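*Asks:* Structure: upload-v3.cif, mmCIF, C-alpha atoms.
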data_query
#
loop_
_atom_site.label_atom_id
_atom_site.label_comp_id
_atom_site.auth_asym_id
_atom_site.auth_seq_id
_atom_site.Cartn_x
_atom_site.Cartn_y
_atom_site.Cartn_z
CA MET A 1 -9.52 9.42 -5.93
CA ASN A 2 -7.31 7.02 -4.11
CA ARG A 3 -5.01 6.61 -7.05
CA LEU A 4 -4.77 10.33 -7.49
CA PHE A 5 -3.90 10.95 -3.89
CA GLY A 6 -1.41 8.12 -3.99
CA THR A 7 0.48 9.72 -6.86
CA ARG A 8 0.35 13.10 -5.27
CA TYR A 9 1.85 11.98 -2.03
CA ALA A 10 4.40 9.77 -3.72
CA VAL A 11 5.82 12.78 -5.52
CA LYS A 12 5.32 15.52 -3.01
CA LEU A 13 6.10 13.81 0.24
CA ASP A 14 8.28 10.82 -0.42
CA VAL A 15 10.65 12.13 -3.01
CA PHE A 16 10.82 15.84 -2.29
CA GLU A 17 9.17 17.05 0.81
CA GLY A 18 9.74 20.64 -0.04
CA PRO A 19 11.75 23.08 -2.10
CA MET A 20 14.82 22.65 0.11
CA ASP A 21 14.75 18.92 -0.41
CA LEU A 22 14.54 19.40 -4.16
CA LEU A 23 17.40 21.92 -4.16
CA VAL A 24 19.62 19.61 -2.12
CA HIS A 25 18.87 16.84 -4.58
CA LEU A 26 19.83 19.05 -7.53
CA VAL A 27 23.01 20.26 -5.87
CA ILE A 28 24.09 16.70 -5.14
CA LYS A 29 23.06 15.35 -8.52
CA ASN A 30 25.10 18.03 -10.27
CA ASP A 31 27.99 17.73 -7.86
CA MET A 32 27.79 21.43 -7.08
CA ASP A 33 29.54 23.37 -4.36
CA ILE A 34 26.89 24.95 -2.19
CA LEU A 35 28.96 28.11 -1.79
CA ASP A 36 29.41 28.40 -5.54
CA ILE A 37 26.15 27.26 -7.08
CA PRO A 38 25.80 27.89 -10.84
CA ILE A 39 22.55 29.74 -10.34
CA ALA A 40 21.40 29.66 -13.98
CA ILE A 41 21.73 25.88 -14.20
CA ILE A 42 20.02 25.16 -10.93
CA THR A 43 17.18 27.60 -11.65
CA GLU A 44 16.63 25.97 -15.01
CA GLN A 45 16.54 22.47 -13.53
CA TYR A 46 14.33 23.57 -10.68
CA MET A 47 11.82 25.09 -13.09
CA ALA A 48 11.96 21.99 -15.29
CA TYR A 49 11.00 19.90 -12.33
CA LEU A 50 8.06 22.15 -11.47
CA GLU A 51 6.94 22.04 -15.08
CA MET A 52 7.11 18.28 -15.03
CA LEU A 53 4.92 18.23 -11.94
CA GLN A 54 2.50 20.56 -13.66
CA SER A 55 2.35 18.47 -16.83
CA LEU A 56 1.57 15.44 -14.71
CA ASP A 57 -1.23 17.47 -13.22
CA ILE A 58 0.25 17.15 -9.78
CA GLU A 59 -0.35 19.99 -7.41
CA PHE A 60 2.55 21.29 -5.44
CA ALA A 61 2.69 23.53 -2.44
CA GLY A 62 3.16 27.26 -2.73
CA ASP A 63 6.52 26.80 -1.01
CA PHE A 64 7.88 25.49 -4.31
CA LEU A 65 6.80 28.63 -6.14
CA LEU A 66 8.28 30.88 -3.49
CA MET A 67 11.64 29.18 -3.94
CA ALA A 68 11.31 29.50 -7.70
CA SER A 69 10.89 33.25 -7.36
CA THR A 70 13.84 33.45 -4.96
CA LEU A 71 16.04 31.62 -7.46
CA THR A 72 14.91 33.84 -10.33
CA HIS A 73 15.52 36.92 -8.23
CA ILE A 74 19.05 35.79 -7.39
CA LYS A 75 19.68 35.02 -11.04
CA SER A 76 18.65 38.53 -12.06
CA ARG A 77 20.80 40.11 -9.38
CA MET A 78 23.77 38.12 -10.61
CA LEU A 79 23.43 39.86 -13.96
CA LEU A 80 23.79 43.31 -12.43
CA PRO A 81 27.28 44.72 -12.13
CA PRO A 82 28.49 44.97 -8.52
CA SER A 83 27.40 48.29 -7.11
CA GLY A 84 30.51 48.68 -5.02
CA GLY A 85 28.45 49.41 -1.97
CA GLU A 86 28.64 47.69 1.41
CA GLU A 87 25.91 45.27 0.42
CA ASP A 88 28.05 43.74 -2.24
CA GLU A 89 27.63 40.23 -0.95
CA ASP A 90 27.26 37.36 -3.39
CA PRO A 91 23.48 37.24 -4.04
CA ARG A 92 23.70 33.48 -4.00
CA MET A 93 24.31 33.56 -0.25
CA GLU A 94 20.58 34.12 0.09
CA ILE A 95 20.12 30.51 -0.96
CA ALA A 96 23.47 29.05 0.17
CA ARG A 97 22.98 29.94 3.83
CA PRO A 98 19.57 28.28 4.28
CA LEU A 99 20.83 25.31 2.25
CA LEU A 100 23.80 24.81 4.56
CA GLU A 101 21.54 25.16 7.55
CA TYR A 102 19.12 22.66 6.05
CA LEU A 103 21.92 20.16 5.40
CA ARG A 104 23.06 20.58 8.99
CA MET A 105 19.59 19.69 10.21
CA LYS A 106 19.45 16.77 7.83
CA ARG A 107 22.67 15.47 9.30
CA ALA A 108 21.32 15.90 12.79
CA SER A 109 18.12 14.08 11.93
CA GLU A 110 20.10 11.21 10.43
CA TRP A 111 22.13 11.06 13.61
CA LEU A 112 18.93 10.94 15.66
CA GLY A 113 17.61 8.21 13.40
CA ASN A 114 20.73 6.14 14.03
CA GLN A 115 20.50 6.41 17.80
CA GLU A 116 19.77 3.32 19.84
CA VAL A 117 16.22 4.28 20.76
CA LEU A 118 14.79 2.96 24.00
CA GLY A 119 12.09 0.42 23.25
CA THR A 120 13.51 -0.28 19.80
CA THR A 121 17.02 -1.64 20.13
CA THR A 122 17.77 -1.09 23.78
CA PHE A 123 15.42 -1.86 26.64
CA ALA A 124 15.04 -0.90 30.27
CA ARG A 125 12.80 -2.07 33.03
CA GLN A 126 9.16 -1.67 31.96
CA GLN A 127 7.61 1.40 33.49
CA GLU A 128 4.01 0.37 33.80
CA GLN A 129 4.07 -2.66 36.02
CA ALA A 130 3.30 -1.81 39.64
CA PRO A 131 0.20 -3.91 40.39
CA VAL A 132 -2.34 -1.97 42.39
CA PRO A 133 -3.63 -4.18 45.20
CA GLU A 134 -7.35 -4.88 45.53
CA GLN A 135 -8.04 -3.80 42.00
CA PRO A 136 -9.50 -6.08 39.36
CA ALA A 137 -6.57 -7.72 37.64
CA GLY A 138 -5.52 -7.20 34.08
CA GLU A 139 -6.85 -4.48 31.91
CA ASP A 140 -10.24 -4.33 33.54
CA ARG A 141 -9.43 -1.63 36.00
CA PRO A 142 -9.63 2.12 36.11
CA MET A 143 -6.56 4.31 36.17
CA GLU A 144 -6.08 7.97 36.74
CA ALA A 145 -6.62 9.86 33.53
CA ASP A 146 -4.02 12.44 32.67
CA LEU A 147 -4.50 15.76 30.94
CA MET A 148 -3.85 14.34 27.47
CA ASP A 149 -6.57 11.71 27.90
CA LEU A 150 -8.98 14.34 29.02
CA VAL A 151 -8.18 16.72 26.18
CA ASN A 152 -8.50 13.88 23.68
CA ALA A 153 -11.87 12.91 25.12
CA PHE A 154 -13.01 16.50 24.80
CA LYS A 155 -11.74 16.72 21.23
CA GLU A 156 -13.71 13.60 20.34
CA LEU A 157 -16.77 15.07 21.94
CA MET A 158 -16.46 18.27 19.95
CA ALA A 159 -15.73 16.42 16.74
CA GLY A 160 -18.88 14.36 17.18
CA ARG A 161 -20.97 17.50 17.13
CA TYR A 162 -21.03 20.60 15.02
CA ARG A 163 -20.52 18.99 11.69
CA ASP A 164 -22.95 21.55 10.37
CA HIS A 165 -21.67 25.04 10.66
CA ALA A 166 -24.65 26.48 12.39
CA VAL A 167 -23.92 29.82 13.92
CA ASP A 168 -25.72 30.99 17.00
CA PHE A 169 -25.59 34.70 17.59
CA SER A 170 -27.51 34.71 20.82
CA THR A 171 -25.37 35.61 23.78
CA GLU A 172 -25.62 33.93 27.10
CA LYS A 173 -23.81 34.55 30.29
CA LEU A 174 -21.68 31.54 31.03
CA SER A 175 -19.75 31.30 34.21
CA VAL A 176 -17.23 28.61 35.03
CA ARG A 177 -17.88 29.14 38.71
CA GLN A 178 -21.58 28.51 38.24
CA ARG A 179 -20.87 25.40 36.21
CA ILE A 180 -18.53 24.11 38.92
CA GLU A 181 -21.36 24.31 41.44
CA GLU A 182 -23.69 22.46 39.09
CA VAL A 183 -21.16 19.67 38.51
CA ALA A 184 -20.42 19.50 42.23
CA GLN A 185 -24.12 19.10 43.02
CA ARG A 186 -24.55 16.34 40.48
CA LEU A 187 -21.46 14.58 41.82
CA ALA A 188 -22.69 14.87 45.40
CA LYS A 189 -25.98 13.29 44.37
CA LYS A 190 -24.70 10.50 42.17
CA GLY A 191 -21.16 9.83 43.35
CA SER A 192 -19.83 9.41 39.82
CA ILE A 193 -20.79 10.56 36.34
CA LEU A 194 -19.61 9.56 32.87
CA PHE A 195 -17.44 12.27 31.37
CA THR A 196 -19.61 12.39 28.26
CA ASP A 197 -22.80 12.70 30.35
CA LEU A 198 -21.61 16.03 31.69
CA PHE A 199 -22.15 17.51 28.27
CA HIS A 200 -25.72 17.95 27.06
CA PRO A 201 -26.26 17.17 23.40
CA LYS A 202 -28.04 20.45 22.82
CA GLU A 203 -25.50 22.71 24.43
CA SER A 204 -23.60 25.28 22.45
CA LYS A 205 -19.90 24.99 21.83
CA ALA A 206 -19.24 27.75 24.35
CA GLU A 207 -21.17 25.86 27.00
CA LEU A 208 -19.19 22.70 26.32
CA VAL A 209 -15.98 24.63 26.76
CA VAL A 210 -17.20 26.13 30.02
CA THR A 211 -18.08 22.69 31.34
CA PHE A 212 -14.68 21.37 30.31
CA LEU A 213 -12.96 24.28 32.04
CA ALA A 214 -15.07 23.67 35.13
CA ILE A 215 -13.92 20.03 35.22
CA LEU A 216 -10.28 21.05 34.86
CA GLU A 217 -10.60 23.66 37.57
CA MET A 218 -12.31 21.21 39.92
CA ALA A 219 -9.63 18.60 39.30
CA LYS A 220 -7.00 21.20 40.09
CA GLN A 221 -8.76 22.04 43.34
CA GLY A 222 -9.16 18.37 44.20
CA ARG A 223 -12.94 18.57 44.07
CA LEU A 224 -13.23 15.58 41.77
CA ARG A 225 -11.23 12.60 40.56
CA ILE A 226 -10.96 11.61 36.94
CA MET A 227 -10.53 7.93 36.19
CA GLN A 228 -10.24 6.17 32.88
CA HIS A 229 -11.11 2.56 32.18
CA VAL A 230 -7.96 0.96 30.83
CA GLN A 231 -9.57 -1.19 28.20
CA SER A 232 -12.48 0.87 26.95
CA GLY A 233 -10.90 4.27 27.51
CA ILE A 234 -14.16 5.50 29.01
CA ILE A 235 -13.58 8.41 31.37
CA ARG A 236 -15.64 8.71 34.52
CA ILE A 237 -15.70 11.54 37.02
CA PHE A 238 -15.84 10.70 40.74
CA ALA A 239 -16.61 12.73 43.82
CA PRO A 240 -13.44 13.38 45.84
CA MET A 241 -12.29 10.74 48.33
CA PRO A 242 -13.92 11.37 51.67
CA GLY A 243 -11.50 13.10 53.96
CA SER A 244 -9.10 14.14 51.25
CA PRO A 245 -8.28 17.77 51.76
CA ALA A 246 -9.41 19.93 48.91
CA HIS A 247 -6.79 22.19 47.34
CA GLU A 248 -4.11 19.63 48.11
CA GLU A 249 -4.88 16.26 46.63
CA THR A 250 -5.30 16.32 42.90
CA ALA A 251 -6.20 13.47 40.69
CA LEU A 252 -5.32 15.24 37.53
CA HIS A 253 -1.69 15.02 36.57
CA ALA A 254 -0.28 17.04 33.77
CA PRO A 255 2.50 15.07 32.07
CA ALA A 256 5.70 15.50 34.04
CA HIS A 257 8.14 17.72 32.26
CA PRO A 258 11.43 19.05 33.39
CA MET B 1 22.76 -10.31 58.00
CA PRO B 2 25.87 -8.43 57.09
CA GLN B 3 25.56 -4.72 56.42
CA PRO B 4 25.18 -4.19 52.65
CA THR B 5 27.87 -2.19 50.91
CA LEU B 6 27.07 1.10 49.24
CA LYS B 7 27.76 -0.48 45.87
CA GLN B 8 25.21 -3.23 46.51
CA ILE B 9 22.60 -0.69 47.51
CA VAL B 10 23.17 1.56 44.50
CA GLU B 11 23.23 -1.36 42.09
CA GLY B 12 20.03 -2.83 43.53
CA VAL B 13 18.19 0.46 43.50
CA LEU B 14 19.22 1.23 39.91
CA PHE B 15 18.25 -2.28 38.84
CA SER B 16 14.73 -1.99 40.23
CA ALA B 17 13.96 1.58 39.22
CA PRO B 18 11.60 2.09 36.27
CA HIS B 19 13.08 5.51 35.45
CA PRO B 20 16.60 6.85 35.29
CA LEU B 21 17.69 7.85 38.79
CA SER B 22 19.49 11.14 39.20
CA MET B 23 22.53 11.47 41.43
CA ASP B 24 20.41 13.63 43.74
CA LYS B 25 17.82 10.92 44.13
CA LEU B 26 20.47 8.29 44.82
CA ARG B 27 22.07 10.52 47.46
CA ARG B 28 18.74 11.03 49.16
CA LEU B 29 18.30 7.26 49.40
CA VAL B 30 21.50 6.97 51.41
CA PRO B 31 21.54 10.23 53.33
CA GLU B 32 24.15 9.02 55.80
CA THR B 33 26.71 8.53 53.04
CA GLU B 34 29.16 11.14 51.86
CA LYS B 35 28.01 12.74 48.62
CA ASP B 36 31.23 12.10 46.76
CA ARG B 37 31.15 8.43 47.63
CA VAL B 38 27.80 7.95 45.87
CA ALA B 39 29.03 9.55 42.68
CA GLU B 40 32.21 7.49 42.88
CA THR B 41 30.23 4.29 43.34
CA VAL B 42 28.00 5.01 40.35
CA ARG B 43 31.07 5.65 38.22
CA GLU B 44 32.59 2.36 39.38
CA LEU B 45 29.41 0.54 38.43
CA VAL B 46 29.33 2.19 34.99
CA ASP B 47 32.93 1.08 34.41
CA GLU B 48 32.34 -2.40 35.75
CA TYR B 49 29.40 -3.05 33.49
CA ALA B 50 31.26 -1.58 30.53
CA SER B 51 34.33 -3.76 31.05
CA ARG B 52 32.22 -6.81 31.79
CA ASP B 53 30.74 -6.46 28.30
CA GLY B 54 27.58 -8.33 29.25
CA GLY B 55 23.97 -8.10 28.21
CA ILE B 56 23.25 -4.89 30.08
CA PHE B 57 25.04 -1.64 30.71
CA LEU B 58 24.52 1.33 32.99
CA ALA B 59 23.46 4.21 30.74
CA ARG B 60 23.64 7.88 31.61
CA VAL B 61 20.37 9.34 30.33
CA ALA B 62 18.13 12.33 31.00
CA GLY B 63 20.25 13.49 33.92
CA GLY B 64 20.26 10.08 35.62
CA TYR B 65 21.39 6.49 35.40
CA GLN B 66 19.51 3.46 34.15
CA PHE B 67 20.31 -0.16 33.32
CA ARG B 68 19.63 -0.89 29.67
CA THR B 69 20.13 -3.90 27.44
CA ALA B 70 22.93 -3.91 24.89
CA ALA B 71 21.68 -2.72 21.50
CA HIS B 72 23.06 -5.67 19.55
CA LEU B 73 20.76 -7.97 21.53
CA ALA B 74 17.72 -6.33 19.94
CA PRO B 75 16.79 -9.37 17.81
CA TRP B 76 16.14 -11.22 21.07
CA THR B 77 15.17 -8.53 23.57
CA ALA B 78 12.66 -6.94 21.17
CA LYS B 79 10.68 -10.19 21.03
CA LEU B 80 9.46 -9.72 24.57
CA ARG B 81 8.18 -6.22 23.96
CA GLN B 82 4.48 -5.93 23.17
CA THR B 83 4.26 -2.17 22.84
CA PRO B 84 5.00 -0.90 19.37
CA SER B 85 8.37 0.75 19.11
CA LEU B 86 8.82 4.35 18.14
CA LYS B 87 8.61 4.82 14.40
CA LEU B 88 9.41 8.25 13.07
CA SER B 89 9.20 9.29 9.44
CA ARG B 90 12.03 11.17 7.80
CA ALA B 91 10.04 14.39 8.04
CA ALA B 92 9.28 13.79 11.72
CA LEU B 93 12.95 13.13 12.50
CA GLU B 94 13.92 16.26 10.63
CA THR B 95 11.41 18.37 12.52
CA LEU B 96 12.48 16.82 15.80
CA ALA B 97 16.11 17.59 14.97
CA VAL B 98 15.30 21.23 14.23
CA ILE B 99 13.43 21.58 17.51
CA ALA B 100 16.12 19.74 19.49
CA TYR B 101 18.91 21.93 18.11
CA ARG B 102 17.07 25.24 17.98
CA GLN B 103 14.98 25.07 21.13
CA PRO B 104 13.22 27.07 22.39
CA VAL B 105 11.79 27.53 18.91
CA ILE B 106 8.52 28.62 17.30
CA ARG B 107 6.76 26.93 14.41
CA SER B 108 7.61 29.56 11.81
CA GLU B 109 11.33 29.12 12.54
CA VAL B 110 10.99 25.36 12.05
CA GLU B 111 9.15 25.93 8.80
CA TYR B 112 11.67 28.47 7.58
CA LEU B 113 14.48 25.99 8.12
CA ARG B 114 12.67 23.04 6.58
CA GLY B 115 11.04 25.07 3.83
CA VAL B 116 7.69 23.29 4.30
CA ASP B 117 4.61 23.44 6.46
CA SER B 118 5.32 21.52 9.67
CA GLY B 119 2.17 22.02 11.74
CA GLY B 120 0.91 18.46 11.43
CA ILE B 121 4.25 16.94 12.30
CA ILE B 122 4.68 19.22 15.29
CA ARG B 123 1.28 18.12 16.54
CA SER B 124 2.14 14.44 16.26
CA LEU B 125 5.49 15.02 18.01
CA LEU B 126 3.50 16.68 20.79
CA ASP B 127 1.19 13.68 20.96
CA MET B 128 4.20 11.38 21.24
CA ARG B 129 5.46 13.62 24.03
CA LEU B 130 8.80 14.06 22.33
CA ILE B 131 8.30 17.81 22.40
CA ARG B 132 6.32 20.12 24.63
CA VAL B 133 4.94 23.62 24.64
CA ALA B 134 7.38 25.74 26.60
CA GLY B 135 5.38 28.97 26.58
CA ARG B 136 4.45 31.70 24.16
CA LYS B 137 6.73 34.12 22.41
CA GLU B 138 5.90 37.74 23.14
CA ILE B 139 5.66 38.84 19.53
CA PRO B 140 2.52 39.56 17.52
CA GLY B 141 0.30 36.50 17.50
CA ARG B 142 2.04 35.14 20.60
CA PRO B 143 3.09 31.89 18.89
CA LEU B 144 3.76 28.77 20.93
CA ILE B 145 7.34 27.95 21.83
CA TYR B 146 8.46 24.33 21.52
CA ALA B 147 11.19 22.42 23.32
CA THR B 148 12.11 18.77 23.70
CA THR B 149 10.98 16.73 26.70
CA ARG B 150 12.67 14.54 29.23
CA HIS B 151 10.96 11.65 27.47
CA PHE B 152 12.88 12.61 24.31
CA LEU B 153 16.18 12.39 26.19
CA GLU B 154 15.23 9.04 27.69
CA LEU B 155 14.20 7.56 24.35
CA PHE B 156 17.24 8.74 22.46
CA GLY B 157 19.65 7.87 25.25
CA LEU B 158 20.84 11.42 25.80
CA ASN B 159 21.90 12.82 29.13
CA SER B 160 20.95 16.36 28.15
CA VAL B 161 20.44 18.34 24.97
CA ASP B 162 24.07 19.39 25.29
CA ASP B 163 24.86 15.78 24.37
CA LEU B 164 23.62 16.37 20.84
CA PRO B 165 26.64 16.37 18.57
CA SER B 166 27.62 19.72 17.12
CA PRO B 167 27.25 20.19 13.36
CA GLU B 168 31.05 19.95 13.06
CA GLU B 169 30.99 16.57 14.78
CA LEU B 170 28.36 15.38 12.37
CA GLY B 171 30.73 15.78 9.46
CA ALA B 172 31.54 18.14 6.62
CA LEU B 173 28.56 20.26 5.70
CA ASP B 174 28.82 20.39 1.97
CA ALA B 175 29.47 16.69 1.55
CA PRO B 176 26.19 14.99 0.81
CA SER B 177 24.94 12.45 3.27
CA ALA B 178 25.65 8.83 2.47
CA ASP B 179 22.11 7.75 1.68
CA GLU B 180 21.62 10.67 -0.65
CA SER B 181 24.52 10.31 -3.06
CA ASP B 182 24.90 7.28 -5.16
CA GLN B 183 27.92 8.58 -6.95
CA ASP B 184 31.41 8.84 -5.52
CA LYS B 185 32.18 12.27 -4.30
CA ALA B 186 35.34 13.53 -2.76
CA PRO B 187 34.85 14.92 0.73
CA ALA B 188 35.29 18.61 1.16
CA PRO B 189 38.93 19.61 1.66
#
Could you render the structure from this file as structure tokens?
*Replies:*
Amino acid sequence: MNRLFGTRYAVKLDVFEGPMDLLVHLVIKNDMDILDIPIAIITEQYMAYLEMLQSLDIEFAGDFLLMASTLTHIKSRMLLPPSGGEEDEDPRMEIARPLLEYLRMKRASEWLGNQEVLGTTTFARQQEQAPVPEQPAGEDRPMEADLMDLVNAFKELMAGRYRDHAVDFSTEKLSVRQRIEEVAQRLAKKGSILFTDLFHPKESKAELVVTFLAILEMAKQGRLRIMQHVQSGIIRIFAPMPGSPAHEETALHAPAHP
Amino acid sequence: MPQPTLKQIVEGVLFSAPHPLSMDKLRRLVPETEKDRVAETVRELVDEYASRDGGIFLARVAGGYQFRTAAHLAPWTAKLRQTPSLKLSRAALETLAVIAYRQPVIRSEVEYLRGVDSGGIIRSLLDMRLIRVAGRKEIPGRPLIYATTRHFLELFGLNSVDDLPSPEELGALDAPSADESDQDKAPAP
């Protein structure tokens, strides 16, 4: 199994990631001019490569077959005499244009790869250093969880359940507003709750989503704070700071984007 | 204590800041100073550090300025860094390039250009915060639109996406890239 997958990836991903990659390789190997590709030769070599993959019992993506049909189609159109109409463009442009575009992107990606990337060859002042006073030192302290952390936690939660594809056709009325009140009551009673404890093991997927939405909405309104333990990654929900005005203070920060 | 000069202030602030500081931010720090003087001072500092040819330089990135270490010092400076550095596969770089050049762009456009399924790579670029979802395209299926982030600019040392070199600047199109051709090939005329 492992060996098989190894071979498959070695051929499909490392050497030629896709049909474009293979075509570029053939063009370069044969020293061809992209704007004047000998379509018969390249089609033949392309097919030979696919056949080789097949004989090695290596599966390849449908993308490779699509390209094969495009090449064959161009080849057949080349055999037809020019119609003299307005659409008398060289049929090979259908492949030349995307190839040029692909090469352009390849160049750009090489350029990106050669950049002096921050944190790799060039360095700036570390961003995460401001020590928060009166907090346990080191990694044993909570920090504000951001949206990504929360979404990841929810993903994990969902992944842990529903391995079996049980379908429940019963319909229930679920309201985010109602769930918000429930969470708020629990928070008021306990002060803080583990993120995972907010989700009952027997709840349906829809109910989990409603609870998650309720948490997001409450964070937005400043009705709860979401903290994550730095080391363990455990997320805990807290009641809002006393005196903090709701609708203004939010503990949930979406990643800052321009 | 003598009154600090504007240059001292700007230099000190830039030195201590964890993020690139925009000209606007710098101006707001010294509101009593003429706007042009701040810009002038930053330019002087950039030139000074460049001509000094020392271990750090004042880089213009993501719409701001930031002190960074010289790249050729990496064998030494990298030793201090505990966080793993950014490692992107060839496919990830390619996808990132397509998105950087074609943004705002949807997944099917990326896949058309690359000729292969790119969903997984797009997701990991999102996780790395190099790209972001910039909305939905109002066509059937309302696909997500992707664009690069400020974090992308900061990491790759770009001031803005306009800083990306044009295809012409990247060299002749039909000449194969260096790592691809092992045979000698005359460049396109």
*Asks:* Taking the file as shown, find all residues satisfying the PyMOL selection byres ((chain B) within 7 of (chain A)) and write them as a list in words.
*Replies:* Pro18, Phe67, Arg68, Thr69, Ala70, Ala71, Ala74, Ala78, Ser85, Leu86, Leu93, Glu94, Ala97, Val98, Leu113, Arg114, Gly115, Val116, Thr149, Arg150, Leu155, Phe156, Gly157, Pro167, Leu170, Leu173, Asp174, Pro176 and Ser181 of chain B
*Asks:* Mind giving me the straight-line distance from CA of Pro2 (chain B) to CA of Val46 (chain B) in Å, one decimal?
*Replies:*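 Going from CA of Pro2 (chain B) over to CA of Val46 (chain B) covers 24.8 Å.
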*Asks:* Separation of CA of Ile41 (chain A) and CA of Leu71 (chain A), in Å?
*Replies:* 10.5 Å
*Asks:* Counting all atoms listed in the file, figure out which residue out of A:Val176, A:Leu224, A:Ala96, A:Ile58 gets nearest to Ile39 (chain A).
*Replies:*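 Selected residue with least distance to Ile39 (chain A): A:Ala96.
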*Asks:* Can you turn the PyMOL selection byres ((chain B and resi 128) around 12) into a concrete residue list for this file, as a PyMOL selection string?
*Replies:* (chain A and resi 148+255) or (chain B and resi 85-88+92+96+121-127+129-132+148-149+151-152+155)
*Asks:* Return as a list in words the set of residues that the PyMOL selection byres ((chain A and resi 43) around 8) yields on the displayed structure.
*Replies:*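 This file gives the following for the PyMOL selection byres ((chain A and resi 43) around 8): Ile39, Ala40, Ile41, Ile42, Glu44, Gln45, Tyr46, Met47, Ala68, Leu71, Thr72 and Lys75 of chain A.
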*Asks:* Near Val161 (chain B), counting all atoms listed in the file, which residues have an atom at most 8 Å away, once you skip same-chain residues fewer than 4 positions from it, shown as a short mmCIF file (atom, residue, chain, number, x, y, z; two decimals) with C-alpha atoms, keeping the file's coordinate frame?
*Replies:*
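This went into selection.cif:
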data_model
loop_
_atom_site.label_atom_id
_atom_site.label_comp_id
_atom_site.auth_asym_id
_atom_site.auth_seq_id
_atom_site.Cartn_x
_atom_site.Cartn_y
_atom_site.Cartn_z
CA ALA B 100 16.12 19.74 19.49
CA TYR B 101 18.91 21.93 18.11
CA LEU B 153 16.18 12.39 26.19
#
*Asks:* One number please: CA of Leu79 (chain A) to CA of Pro91 (chain A), in Å, one decimal.
*Replies:*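 Computing it gives 10.3 Å between the two atoms.
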*Asks:* So for region 104-110 of chain A, what box centre and size do we get, axis-aligned, 4 Å extra on each of the six sides, every listed atom, Å to one decimal, as JSON?
*Replies:*
{"center_x": 20.6, "center_y": 15.9, "center_z": 10.3, "size_x": 12.9, "size_y": 17.4, "size_z": 13.0}
*Asks:* From the list A:Leu208, A:Leu174, A:Ala239, A:Ile180, which residue is nearest Ser192 (chain A) when using all atoms listed in the file?
*Replies:*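 Looking only at the distances to Ser192 (chain A), the closest residue turns out to be A:Ala239.
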*Asks:* I'd like to know which of A:Ile95, A:Met218, A:Leu187, A:Ile193 is closest to His73 (chain A), using only C-alpha atoms.
*Replies:* A:Ile95
*Asks:* Arg43 (chain B): which residues within 12 Å, counting only C-alpha atoms, same-chain residues fewer than 6 positions away excluded, as a PDB file with C-alpha atoms, keeping the file's coordinate frame?
*Replies:*
ATOM      1  CA  LYS B   7      27.760  -0.480  45.870  1.00  0.00           C
ATOM      2  CA  VAL B  10      23.170   1.560  44.500  1.00  0.00           C
ATOM      3  CA  GLU B  11      23.230  -1.360  42.090  1.00  0.00           C
ATOM      4  CA  MET B  23      22.530  11.470  41.430  1.00  0.00           C
ATOM      5  CA  ASP B  36      31.230  12.100  46.760  1.00  0.00           C
ATOM      6  CA  ARG B  37      31.150   8.430  47.630  1.00  0.00           C
ATOM      7  CA  TYR B  49      29.400  -3.050  33.490  1.00  0.00           C
ATOM      8  CA  ALA B  50      31.260  -1.580  30.530  1.00  0.00           C
ATOM      9  CA  LEU B  58      24.520   1.330  32.990  1.00  0.00           C
ATOM     10  CA  ALA B  59      23.460   4.210  30.740  1.00  0.00           C
ATOM     11  CA  ARG B  60      23.640   7.880  31.610  1.00  0.00           C
ATOM     12  CA  GLY B  64      20.260  10.080  35.620  1.00  0.00           C
ATOM     13  CA  TYR B  65      21.390   6.490  35.400  1.00  0.00           C
TER      14      TYR B  65
END
*Asks:* Pick the closest to Ser175 (chain A) from A:Arg236, A:His200, A:Asp149, A:Val209: which is it, counting all atoms listed in the file?
*Replies:*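 Result for the nearest residue to Ser175 (chain A): A:Val209.
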*Asks:* Given the point (-15.3, 8.2, 31.9) in the file's coordinates, find the residues that have an atom at most 10 Å from it, counting all atoms listed in the file, and give them as JSON, numbers by chain.
*Replies:* {"A": [142, 145, 150, 153, 192, 193, 194, 195, 196, 197, 226, 227, 228, 229, 232, 233, 234, 235, 236, 237, 238]}
*Asks:* How about completing region 5-11 of chain B with N, CA and C atoms and giving it to me as an mmCIF file, in the frame of the given file?
*Replies:*
data_model
loop_
_atom_site.group_PDB
_atom_site.id
_atom_site.type_symbol
_atom_site.label_atom_id
_atom_site.label_comp_id
_atom_site.auth_asym_id
_atom_site.auth_seq_id
_atom_site.Cartn_x
_atom_site.Cartn_y
_atom_site.Cartn_z
ATOM 1 N N THR B 5 26.945 -3.257 51.309
ATOM 2 C CA THR B 5 27.870 -2.190 50.910
ATOM 3 C C THR B 5 27.099 -1.152 50.105
ATOM 4 N N LEU B 6 27.700 0.017 50.001
ATOM 5 C CA LEU B 6 27.070 1.100 49.240
ATOM 6 C C LEU B 6 26.855 0.671 47.791
ATOM 7 N N LYS B 7 27.838 -0.045 47.264
ATOM 8 C CA LYS B 7 27.760 -0.480 45.870
ATOM 9 C C LYS B 7 26.557 -1.405 45.653
ATOM 10 N N GLN B 8 26.350 -2.322 46.606
ATOM 11 C CA GLN B 8 25.210 -3.230 46.510
ATOM 12 C C GLN B 8 23.896 -2.460 46.507
ATOM 13 N N ILE B 9 23.834 -1.485 47.409
ATOM 14 C CA ILE B 9 22.600 -0.690 47.510
ATOM 15 C C ILE B 9 22.331 0.044 46.198
ATOM 16 N N VAL B 10 23.341 0.759 45.721
ATOM 17 C CA VAL B 10 23.170 1.560 44.500
ATOM 18 C C VAL B 10 22.807 0.676 43.317
ATOM 19 N N GLU B 11 23.494 -0.438 43.209
ATOM 20 C CA GLU B 11 23.230 -1.360 42.090
ATOM 21 C C GLU B 11 21.796 -1.882 42.154
#
